[in-house]
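Report on the structure given below.
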Amino acid sequence: MLCFHIQKTFLSRFCMEELHMSTGTHSGFFSSDLLPSLGARINQATKLRRHIISPFDPHYRAWEMFLILLVIYSAWISPFEFAFLSYKQDVLFIFDNIVNSFFAVDIVLTFFVAYLDSQSYILIDDPKRIAIRYVSTWFTFDVCSTVPFQSLSLLFTDHNGGLGFKLLSMLRLWRLRRVSSLFTRLEKDIRFNYFWTRCTKLIAVTLFAVHCAGCFNYMIADRYPDPKEPGLVRPILISSKWEFGTDM
């Protein structure tokens, strides 16, 4: 029950908080912009145009938190697939494409999300300005990190995946910017302890670095075995089973 209460409290702070203009304050937090001057009012309660979503909308906040969970999965599986998987697994292949489809939906959704102007602190809901801003910033990187290169590799590399396509699949790590933005907001939020937020961030970065280092070191040892050690046994993951091959 305690764990459930903590999770509920955390989600309520990020997904279900309401912004009250009547109090003259704001409960949102920003990723990179400076806070407005004392007494300034942010246009957060203004009625937006039809089909335009407010970035402070509770449902959109919940969607962002869901994508962060998928980012954590992508950060773990991308180096693992790059180093260990010689053949694409059916279940993993389908799940990766489902994850990619969620980020593809988010790309389309971003064209309908208002943004906060850094100078006037007014929510811009003009679809043309939203599109120009997104296309000129993160659109290209988001598309490249969403392209299903694993599926394309099946068409050109005899169903075993080439090194080039595996490198391109590593572009999914671009999604980690969402986690970075989350920690940035947490560090600015006085409701969360700054020290523990920084410690959590440090632990997360360390675990990710160790995971990547282990995967890359295995890949190097697998592709460039020591010729002085014939008969070296190495594990290969094929068809969801660990098999052992011998370098002769």
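By order of appearance in the structure tokens: chains A, B, ..., then residues from 1 within every chain, and ligands from 1 in the order shown.
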
As a list in words, please: the residues near Phe183 in chain A (cut-off 12 Å, only C-alpha atoms, same-chain neighbours under 2 positions excluded).
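Counting only C-alpha atoms, the residues come to Phe29, Phe30, Ser31, Ser32, Ile68, Leu176, Arg177, Arg178, Val179, Ser180, Ser181, Arg185, Leu186, Glu187, Lys188, Asp189, Phe192, Asn193, Tyr194, Phe195, Trp196, Thr197, Arg198, Cys199, Thr200, Lys201, Leu202, Ala204 and Val205 of chain A.
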
Of the candidates A:Ala114, A:Ile190, A:Leu168, A:Ile203, which one gets nearest to Arg50 in chain A if we count only C-alpha atoms?
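Result for the nearest residue to Arg50 in chain A: A:Ala114.
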
Calculated over only C-alpha atoms, which of the candidates A:Leu70, A:Ala213, A:Leu48, A:Met219 has the smallest distance to Leu123 in chain A?
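Checking each of A:Leu70, A:Ala213, A:Leu48, A:Met219 against Leu123 in chain A, counting only C-alpha atoms, the winner is A:Leu48.
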
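Distances to Ile72 in chain A were evaluated for A:Pro227, A:Val99, A:Pro127, A:Ile132 using only C-alpha atoms, and the minimum falls at A:Val99.
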
Could you please determine the separation between CA of Pro148 in chain A and CA of Phe66 in chain A in Å, to one decimal place?
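Computed distance, CA of Pro148 in chain A to CA of Phe66 in chain A, equals 20.1 Å.
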
Calculated over only C-alpha atoms, which of the candidates A:Phe165, A:Phe208, A:Phe139, A:Phe216 has the smallest distance to Leu109 in chain A?
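Among the listed residues, A:Phe139 lies closest to Leu109 in chain A.
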
Point-to-point distance from CA of Val71 in chain A to CA of Arg133 in chain A, Å rounded to tenths:
23.2 Å

For a quick check of understanding, using only C-alpha atoms, which of A:Ile220, A:Val113, A:Leu155, A:Ile130 has the smallest distance to Asp57 in chain A?
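Checking each of A:Ile220, A:Val113, A:Leu155, A:Ile130 against Asp57 in chain A, counting only C-alpha atoms, the winner is A:Val113.
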
Just give me the gap between CA of Asp117 in chain A and CA of Trp63 in chain A in Å, one decimal is fine.
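Computed distance, CA of Asp117 in chain A to CA of Trp63 in chain A, equals 22.0 Å.
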